[in-house]
Each structure stands twice: as structure tokens, then as C-alpha cells.
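Raw upload06.tsv, TSV, C-alpha atoms:
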chain	number	residue	atom	x	y	z
K	1	MET	CA	14.97	5.21	-7.13
K	2	LEU	CA	16.91	2.07	-6.16
K	3	GLN	CA	20.06	3.98	-5.25
K	4	SER	CA	17.97	6.46	-3.21
K	5	ILE	CA	16.23	3.70	-1.27
K	6	LYS	CA	19.58	2.06	-0.59
K	7	ASN	CA	20.78	5.26	1.10
K	8	THR	CA	17.84	5.55	3.50
K	9	GLU	CA	17.97	4.62	7.18
K	10	CYS	CA	14.85	2.55	6.54
K	11	TYR	CA	16.70	0.26	4.12
K	12	LYS	CA	19.83	0.08	6.26
K	13	SER	CA	17.75	-0.89	9.29
K	14	LEU	CA	16.47	-4.00	7.49
K	15	LYS	CA	19.96	-5.58	7.67
K	16	LEU	CA	19.54	-7.12	4.25
K	17	ALA	CA	23.20	-8.02	4.00
K	18	SER	CA	22.54	-11.09	6.14
K	19	LYS	CA	22.75	-14.61	4.73
K	20	LEU	CA	20.74	-15.04	1.55
K	21	THR	CA	17.52	-17.03	1.93
K	22	HIS	CA	15.35	-18.51	-0.79
K	23	ALA	CA	12.19	-16.54	-0.05
K	24	TYR	CA	11.51	-13.08	1.41
K	25	LEU	CA	8.32	-11.28	2.32
K	26	PHE	CA	8.53	-7.50	2.73
K	27	TYR	CA	5.44	-6.10	4.38
K	28	SER	CA	4.10	-2.75	5.57
K	29	LEU	CA	1.12	-0.52	4.84
K	30	ASP	CA	3.14	1.30	2.17
K	31	SER	CA	2.86	-0.62	-1.13
K	32	TYR	CA	5.14	1.75	-3.06
K	33	LEU	CA	7.89	1.47	-0.47
K	34	ASN	CA	7.48	-2.33	-0.33
K	35	LYS	CA	8.01	-2.42	-4.10
K	36	GLU	CA	11.14	-0.28	-4.05
K	37	ILE	CA	12.64	-2.27	-1.16
K	38	ALA	CA	11.91	-5.56	-2.94
K	39	LEU	CA	13.42	-4.38	-6.22
K	40	THR	CA	16.49	-3.05	-4.43
K	41	LYS	CA	16.97	-6.46	-2.79
K	42	ALA	CA	16.56	-8.11	-6.20
K	43	ASN	CA	19.17	-5.74	-7.63
K	44	GLU	CA	21.56	-6.65	-4.79
K	45	ILE	CA	21.23	-10.35	-5.62
K	46	LEU	CA	21.80	-9.83	-9.34
K	47	CYS	CA	24.59	-7.27	-8.90
K	48	GLU	CA	28.01	-8.82	-9.58
K	49	ASN	CA	29.35	-6.96	-6.54
K	50	GLY	CA	26.33	-7.74	-4.35
K	51	ASN	CA	25.64	-4.11	-3.44
K	52	CYS	CA	23.65	-2.43	-6.26
K	53	CYS	CA	26.89	-0.88	-7.52
K	54	GLY	CA	25.12	0.55	-10.56
K	55	ILE	CA	28.07	-0.01	-12.88
K	56	CYS	CA	28.47	-3.77	-13.34
K	57	ALA	CA	26.89	-5.71	-16.20
K	58	GLY	CA	24.26	-7.14	-13.84
K	59	CYS	CA	23.16	-3.68	-12.66
K	60	ASN	CA	23.10	-2.36	-16.21
K	61	GLN	CA	20.91	-5.28	-17.21
K	62	PHE	CA	18.70	-4.63	-14.19
K	63	LYS	CA	17.87	-1.14	-15.44
K	64	ASN	CA	14.31	-0.94	-16.77
K	65	LEU	CA	13.83	-4.40	-15.15
K	66	SER	CA	15.26	-6.03	-18.28
K	67	HIS	CA	17.66	-8.47	-16.58
K	68	PRO	CA	17.10	-11.95	-18.14
K	69	ASP	CA	17.18	-13.59	-14.70
K	70	LEU	CA	14.60	-11.24	-13.19
K	71	THR	CA	10.84	-11.86	-13.28
K	72	VAL	CA	8.57	-9.19	-11.82
K	73	ILE	CA	4.84	-9.87	-11.48
K	74	GLU	CA	2.59	-6.93	-10.62
K	75	GLN	CA	-1.04	-7.61	-11.44
K	76	ASP	CA	-4.51	-6.89	-10.05
K	77	SER	CA	-4.94	-10.64	-9.58
K	78	ILE	CA	-2.65	-13.65	-9.80
K	79	LYS	CA	-4.28	-16.93	-10.74
K	80	VAL	CA	-3.09	-20.51	-10.88
K	81	GLU	CA	-2.14	-20.22	-14.58
K	82	ASP	CA	0.15	-17.29	-13.74
K	83	VAL	CA	1.90	-19.37	-11.07
K	84	SER	CA	2.15	-22.30	-13.51
K	85	ARG	CA	4.02	-20.12	-16.01
K	86	LEU	CA	6.35	-18.99	-13.23
K	87	ILE	CA	7.03	-22.59	-12.16
K	88	ASN	CA	7.92	-23.51	-15.74
K	89	ILE	CA	10.69	-20.90	-15.63
K	90	LEU	CA	12.01	-22.46	-12.41
K	91	SER	CA	13.06	-25.57	-14.30
K	92	THR	CA	15.51	-23.59	-16.44
K	93	LYS	CA	18.97	-22.44	-15.41
K	94	PRO	CA	19.81	-18.76	-14.91
K	95	VAL	CA	20.81	-17.06	-18.15
K	96	TYR	CA	23.46	-14.67	-16.86
K	97	ALA	CA	23.59	-14.46	-13.07
K	98	LYS	CA	24.11	-17.16	-10.45
K	99	MET	CA	20.48	-16.85	-9.32
K	100	ARG	CA	17.03	-16.29	-10.77
K	101	VAL	CA	14.93	-13.77	-8.87
K	102	PHE	CA	11.14	-13.78	-8.87
K	103	VAL	CA	9.45	-10.67	-7.45
K	104	LEU	CA	5.73	-10.98	-6.71
K	105	LEU	CA	4.41	-7.54	-5.81
K	106	ASN	CA	1.23	-7.25	-3.75
K	107	ALA	CA	1.18	-11.00	-3.17
K	108	ASP	CA	-2.16	-10.68	-1.38
K	109	VAL	CA	-3.81	-10.75	-4.84
K	110	ILE	CA	-2.65	-14.36	-5.38
K	111	ASN	CA	-5.80	-16.45	-5.02
K	112	GLU	CA	-5.87	-19.42	-2.65
K	113	THR	CA	-5.51	-22.08	-5.37
K	114	ALA	CA	-2.52	-20.27	-6.84
K	115	GLN	CA	-0.93	-19.89	-3.40
K	116	ASN	CA	-1.21	-23.62	-2.82
K	117	LYS	CA	0.44	-24.28	-6.17
K	118	LEU	CA	3.26	-21.87	-5.33
K	119	LEU	CA	3.70	-23.51	-1.94
K	120	LYS	CA	5.53	-26.58	-3.32
K	121	SER	CA	8.18	-24.37	-4.93
K	122	LEU	CA	8.61	-22.57	-1.62
K	123	GLU	CA	8.81	-25.85	0.32
K	124	GLU	CA	11.32	-27.45	-2.05
K	125	PRO	CA	13.48	-24.55	-3.28
K	126	ASN	CA	16.35	-25.09	-5.67
K	127	ASN	CA	19.69	-23.41	-5.04
K	128	THR	CA	19.42	-21.02	-7.98
K	129	THR	CA	16.10	-19.34	-7.14
K	130	VAL	CA	15.08	-16.52	-4.82
K	131	PHE	CA	11.47	-15.43	-4.30
K	132	ILE	CA	10.71	-11.91	-3.10
K	133	LEU	CA	7.10	-11.15	-2.17
K	134	THR	CA	5.50	-7.97	-0.86
K	135	THR	CA	2.16	-7.27	0.76
K	136	THR	CA	0.18	-4.71	2.72
K	137	LYS	CA	-2.31	-7.39	3.81
K	138	LEU	CA	-0.69	-10.24	5.71
K	139	ASN	CA	-4.07	-11.81	6.47
K	140	LYS	CA	-4.56	-12.56	2.75
K	141	LEU	CA	-1.61	-14.97	2.64
K	142	LEU	CA	-2.08	-18.60	3.67
K	143	PRO	CA	-0.36	-19.59	6.94
K	144	THR	CA	1.43	-22.40	5.08
K	145	VAL	CA	2.87	-19.91	2.60
K	146	MET	CA	3.78	-17.45	5.35
K	147	SER	CA	5.71	-20.16	7.21
K	148	ARG	CA	8.05	-20.61	4.24
K	149	LEU	CA	8.98	-16.93	3.97
K	150	ASN	CA	11.61	-14.82	5.68
K	151	LYS	CA	9.23	-12.10	6.87
K	152	ILE	CA	10.71	-8.59	7.09
K	153	PHE	CA	8.68	-5.63	8.32
K	154	VAL	CA	9.46	-2.43	6.42
K	155	PRO	CA	9.54	0.52	8.88
K	156	ASN	CA	8.04	3.90	8.07
K	157	LEU	CA	10.23	6.40	6.28
K	158	SER	CA	11.61	9.18	8.44
K	159	VAL	CA	11.48	12.79	7.26
K	160	ALA	CA	15.19	12.49	6.40
K	161	ASP	CA	14.48	9.39	4.29
K	162	LYS	CA	11.63	11.15	2.51
K	163	LYS	CA	13.99	13.98	1.60
K	164	ILE	CA	16.42	11.48	0.05
K	165	ILE	CA	13.65	9.93	-2.04
K	166	SER	CA	12.03	13.28	-2.83
K	167	SER	CA	14.96	14.39	-4.98
K	168	GLU	CA	14.68	11.19	-7.01
K	169	LEU	CA	10.90	11.54	-7.41
K	170	LYS	CA	11.38	15.06	-8.74
K	171	ARG	CA	13.12	13.54	-11.76
K	172	GLU	CA	9.82	11.78	-12.44
K	173	ASN	CA	7.93	15.09	-12.03
K	174	ILE	CA	6.55	14.01	-8.65
K	175	ASN	CA	6.97	16.65	-5.95
K	176	ILE	CA	6.24	15.45	-2.42
K	177	GLU	CA	8.26	18.18	-0.72
K	178	PRO	CA	5.19	20.19	0.44
K	179	ILE	CA	4.01	17.22	2.54
K	180	ILE	CA	7.33	15.70	3.63
K	181	ASN	CA	6.69	16.70	7.25
K	182	LYS	CA	3.22	15.17	7.22
K	183	ASP	CA	2.58	11.59	8.30
K	184	PHE	CA	1.63	10.31	4.84
K	185	ASN	CA	3.51	7.20	3.79
K	186	LEU	CA	5.18	7.11	0.37
K	187	THR	CA	2.18	5.54	-1.37
K	188	GLU	CA	-0.20	8.12	0.07
K	189	SER	CA	2.18	11.00	-0.67
K	190	ILE	CA	2.55	10.05	-4.32
K	191	ASN	CA	-1.21	9.54	-4.67
K	192	LEU	CA	-1.87	12.90	-3.07
K	193	VAL	CA	0.39	14.91	-5.37
K	194	THR	CA	-0.25	13.01	-8.61
K	195	ASN	CA	-3.84	11.83	-8.41
K	196	ASN	CA	-6.39	14.59	-8.85
K	197	ASN	CA	-9.09	12.09	-7.91
K	198	TYR	CA	-7.41	11.49	-4.53
K	199	LEU	CA	-7.18	15.20	-3.75
K	200	ASP	CA	-10.72	15.81	-5.00
K	201	THR	CA	-12.01	12.97	-2.82
K	202	ILE	CA	-10.31	14.42	0.27
K	203	ASN	CA	-11.83	17.86	-0.40
K	204	GLN	CA	-15.30	16.39	-1.01
K	205	ILE	CA	-15.20	14.51	2.29
K	206	PHE	CA	-14.14	17.56	4.29
K	207	GLU	CA	-17.02	19.55	2.77
K	208	LEU	CA	-19.43	16.68	3.40
K	209	LEU	CA	-18.53	16.32	7.07
K	210	ILE	CA	-18.57	20.05	7.75
K	211	ASN	CA	-22.09	20.36	6.31
K	212	LEU	CA	-23.46	17.16	7.83
K	213	ASN	CA	-25.62	18.35	10.72
K	214	THR	CA	-28.94	16.48	10.58
K	215	THR	CA	-30.35	13.43	8.83
K	216	GLN	CA	-32.28	15.78	6.56
K	217	ASP	CA	-28.95	16.94	5.10
K	218	ILE	CA	-27.96	13.47	3.92
K	219	PRO	CA	-29.89	13.19	0.61
K	220	SER	CA	-28.75	16.55	-0.75
K	221	LEU	CA	-25.13	16.09	0.37
K	222	VAL	CA	-24.89	12.61	-1.15
K	223	SER	CA	-26.42	13.79	-4.42
K	224	LYS	CA	-23.65	16.39	-4.77
K	225	LEU	CA	-20.86	13.83	-4.40
K	226	ASN	CA	-18.92	12.58	-7.40
K	227	VAL	CA	-17.51	9.28	-6.18
K	228	LYS	CA	-15.25	7.82	-8.86
K	229	ASP	CA	-13.63	5.22	-6.62
K	230	LYS	CA	-15.72	3.75	-3.79
K	231	ALA	CA	-12.80	2.11	-1.98
K	232	LEU	CA	-10.75	5.32	-2.19
K	233	PHE	CA	-13.66	7.32	-0.80
K	234	LEU	CA	-14.02	5.08	2.25
K	235	THR	CA	-10.24	4.93	2.76
K	236	CYS	CA	-10.03	8.73	2.75
K	237	LEU	CA	-13.02	8.98	5.10
K	238	MET	CA	-11.29	6.64	7.55
K	239	GLU	CA	-8.03	8.58	7.17
K	240	ILE	CA	-9.68	11.91	7.97
K	241	PHE	CA	-11.44	10.61	11.08
K	242	LEU	CA	-8.20	9.04	12.31
K	243	ASP	CA	-6.49	12.38	11.83
K	244	VAL	CA	-9.14	14.10	13.93
K	245	LEU	CA	-8.17	11.68	16.72
K	246	THR	CA	-4.42	12.18	16.36
K	247	PRO	CA	-3.62	15.09	14.00
K	248	LYS	CA	-0.68	14.15	11.81
K	249	LYS	CA	-1.53	14.58	8.16
K	250	PHE	CA	-4.06	17.24	7.37
K	251	ASP	CA	-3.77	20.94	8.12
K	252	ASP	CA	-5.19	22.19	11.41
K	253	GLU	CA	-7.49	24.59	9.59
K	254	LYS	CA	-9.31	21.60	8.09
K	255	ILE	CA	-9.12	19.26	11.09
K	256	LEU	CA	-10.05	21.73	13.84
K	257	PRO	CA	-13.71	22.24	12.75
K	258	LEU	CA	-14.18	18.46	12.65
K	259	LYS	CA	-12.51	18.04	16.03
K	260	GLN	CA	-15.00	20.51	17.47
K	261	LYS	CA	-17.86	18.66	15.79
K	262	PHE	CA	-16.93	15.01	16.52
K	263	ASN	CA	-15.49	14.09	19.90
K	264	ASP	CA	-13.04	11.22	20.32
K	265	LYS	CA	-15.61	8.84	21.78
K	266	ALA	CA	-17.88	9.32	18.77
K	267	ILE	CA	-15.05	8.78	16.29
K	268	ILE	CA	-13.99	5.54	17.97
K	269	LYS	CA	-17.56	4.29	17.46
K	270	ILE	CA	-17.73	5.66	13.88
K	271	LEU	CA	-14.61	3.89	12.59
K	272	PRO	CA	-16.10	0.34	12.70
K	273	HIS	CA	-19.09	1.57	10.66
K	274	ILE	CA	-16.73	2.73	7.90
K	275	ASP	CA	-14.99	-0.64	8.02
K	276	THR	CA	-18.35	-2.40	7.66
K	277	ALA	CA	-19.18	-0.25	4.62
K	278	TYR	CA	-16.12	-1.74	2.86
K	279	LYS	CA	-17.84	-5.12	2.83
K	280	TYR	CA	-20.54	-3.78	0.54
K	281	ILE	CA	-18.48	-1.94	-2.08
K	282	ASN	CA	-17.82	-5.05	-4.17
K	283	SER	CA	-21.37	-6.34	-3.83
K	284	ASN	CA	-24.50	-5.45	-5.72
K	285	VAL	CA	-25.66	-3.12	-2.97
K	286	ASN	CA	-26.21	0.41	-4.30
K	287	PHE	CA	-23.39	2.64	-3.07
K	288	THR	CA	-25.76	5.56	-2.50
K	289	TYR	CA	-27.70	3.37	-0.07
K	290	VAL	CA	-24.44	2.31	1.63
K	291	LEU	CA	-23.38	5.93	1.97
K	292	ASP	CA	-26.80	7.10	3.21
K	293	ASN	CA	-26.74	4.40	5.86
K	294	LEU	CA	-23.16	5.19	6.86
K	295	LEU	CA	-23.82	8.91	7.24
K	296	PHE	CA	-26.91	8.17	9.33
K	297	LYS	CA	-24.75	6.05	11.67
K	298	ILE	CA	-22.10	8.77	11.82
K	299	LEU	CA	-24.71	11.29	12.93
K	300	ARG	CA	-26.19	8.85	15.43
K	301	GLU	CA	-22.82	8.27	17.09
K	302	LYS	CA	-22.16	11.99	17.08
K	303	PHE	CA	-25.37	12.74	19.00
K	304	LEU	CA	-25.19	9.71	21.31
K	305	CYS	CA	-21.63	10.58	22.37
K	306	LYS	CA	-22.16	14.22	23.28

Could you write out this structure as C-alpha cells?
Amino acid sequence: MLQSIKNTECYKSLKLASKLTHAYLFYSLDSYLNKEIALTKANEILCENGNCCGICAGCNQFKNLSHPDLTVIEQDSIKVEDVSRLINILSTKPVYAKMRVFVLLNADVINETAQNKLLKSLEEPNNTTVFILTTTKLNKLLPTVMSRLNKIFVPNLSVADKKIISSELKRENINIEPIINKDFNLTESINLVTNNNYLDTINQIFELLINLNTTQDIPSLVSKLNVKDKALFLTCLMEIFLDVLTPKKFDDEKILPLKQKFNDKAIIKILPHIDTAYKYINSNVNFTYVLDNLLFKILREKFLCK
């Protein structure tokens, strides 16, 4: 995948050949793309030729992320003890390359205490260390941490870029070709074609919204749902309503009935209710109650905005 990413206009537009800095932050709404960009930058740094040549000893060691001077952290949460272990490595010299590279993927999962501990290393960098962070949620990073990072926005992949990456994904038995022309980002595309739960959730929501006509429909419709991932359900619900506003992703045959049912004014008022529902998914509030309440509000906005 690294060679494919390197050949995309997206990667070339980042101008990563500029002077090396001690800490990068790659950010966009596409976590998979953020990861690939970050790893490609790490490969560049550890490549003996500085260009991900793919043939030098450094690149060969980078394969399977086994380079001794590369540390990649990708976890659901990063706590202060994780950062402490990382800082201990900082005190040692690189094993093979001129630099040590630390890649922290989805840095928004680093808790506040751990971010403050990491801050000192970012404020007082040594000349043999490069940090590369990624995030889809800038607001989760402390302003003090953000100020120490070279922030680089990762642009959306063009259709041409997706075609370049598609051939590489096929080797991993992931086929995104049927939706290359849609407006799904790389993370969404891979989820859509590999995650049956994602596709099932999308289909359930379309059926739910088509059959949602009165408040009396709510109990029976909710009882039929099989929600395996609450956050995914609400994300997909938001995605579908956004697509009714500006059709980009889903087929017209699915979107058109909803566009006839929910006008733009109603949808604009519905979206904040979905966002509010997110606040309850990690609480002790029963999700059925959250969903009942949300659907009631969706219907209310629908009728008030006729």
C-alpha cells in the first residue's frame, strides 16, 4: 500500500519532501488514509535513499513494520503508562537508521494526562527522534500539544487516486471498485465492502426511514432492529440524511424516496438531534429509549417543516 499511496496526487500535494521536522500531525476524516500517509512518511525517513525506494535495507526492514527504529502505536486508548514506555525508548540511540520514528495512530485516544506527559518530549525534542501523529478529531488534542506539531491536512482522494489504491487493495481481497465513483472516503469504502455489519446497518436504516410515518410506527420498527454497534448506527443515520441533502454516496433509487419524504429544512433540524443522541451511547441510558426519542424528534421535524 505504501508505494500506491506514494503515487497518488493526494500524497504528492502534501509536499512532504520539505525540511524534516521533529513532529507531524496528519489529520482528516479518513482514518485509514491518515494511517497510510503517516506510515509512508515514516518509511521515507527510514529509507536510506529518503524516498521509499523499496529496495534498500531500511525499506526491507520496514516491511511488516519490523524496522528496529520504528515504533507504531495503534490502540483503542493510550494511557500515561503507554507514553512512559515510549519515553523510555527515547533515551536510547537508533539501532540502524539515523532517526527513530514514533507513529501514534488515532492520537485522539491519548488521554489528557498522557498528552501532558508526551508534551515535554515534543517541547524538548532530541535530534534523532521524529513523532508522527494522526487524528480524525482535532478537538481531542490539547492546544499545547497541537502547538508543537507540524499540522498537515490530508486532502480527499480523487477518483484517480482511488483507482491507484484499489489495485493494491485487491491483493488483500478488498474490492472497492464498485463504489470508486461514490463520495465515500477510504475508511468508509473499506468498511462498506468488508464489514457485513456496516452494510446491514445501512440497509436497516433505509428500511426504517421508509416505513417511519407516524409515532405509532416507532415501537414496532425499533423492535425489529438489530443494532450491533450503536455508534455505527448513528453515524450511518447521519450519513444517509446528509446524502439526502447533497446526493453523493448512495444510489438514487434509495435516496429519492427519502428526499420526497424529508425536505431540506427538516433534515437540517434533524441532524443536531442525531448528534445529541451520540452523547447518550456511552452512558447508562437504554439505547431503545434513545432511539425512540430520536425517531419521535425526526417525525416532529418532518411534520413541522412541511

- Return the single residue from K:Gly58, K:Pro247, K:Pro155, K:Pro257 that is closest to Asp183 in chain K, with distances computed using all atoms listed in the file.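 The answer is K:Pro247, which sits nearest to Asp183 in chain K.
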
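Take CA of Gln216 in chain K and CA of Asn293 in chain K: the distance between them is 12.7 Å.
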
Restrict the calculation to all atoms listed in the file, then for each residue of range 39-81 of chain K with any atom at most 10 Å from an atom of range 89-94 of chain K give the closest atom pair and their distance in Å to one decimal, rows by chain and rising residue number, as a Markdown table.
| residue | atom | partner | partner_atom | distance |
| --- | --- | --- | --- | --- |
| K:Pro68 | CA | K:Pro94 | CA | 8.0 |
| K:Asp69 | CA | K:Pro94 | CA | 5.8 |
| K:Leu70 | CA | K:Pro94 | CA | 9.3 |
| K:Thr71 | CA | K:Ile89 | CA | 9.3 |

- Message: Between K:Lys170, K:Lys248, K:Lys269, K:Lys279, which residue has the minimum interatomic distance to Arg300 in chain K, considering only C-alpha atoms?
- Response: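 Of K:Lys170, K:Lys248, K:Lys269, K:Lys279, the one nearest Arg300 in chain K is K:Lys269, counting only C-alpha atoms.
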
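Take CA of Ser283 in chain K and CA of Ala114 in chain K: the distance between them is 23.6 Å.
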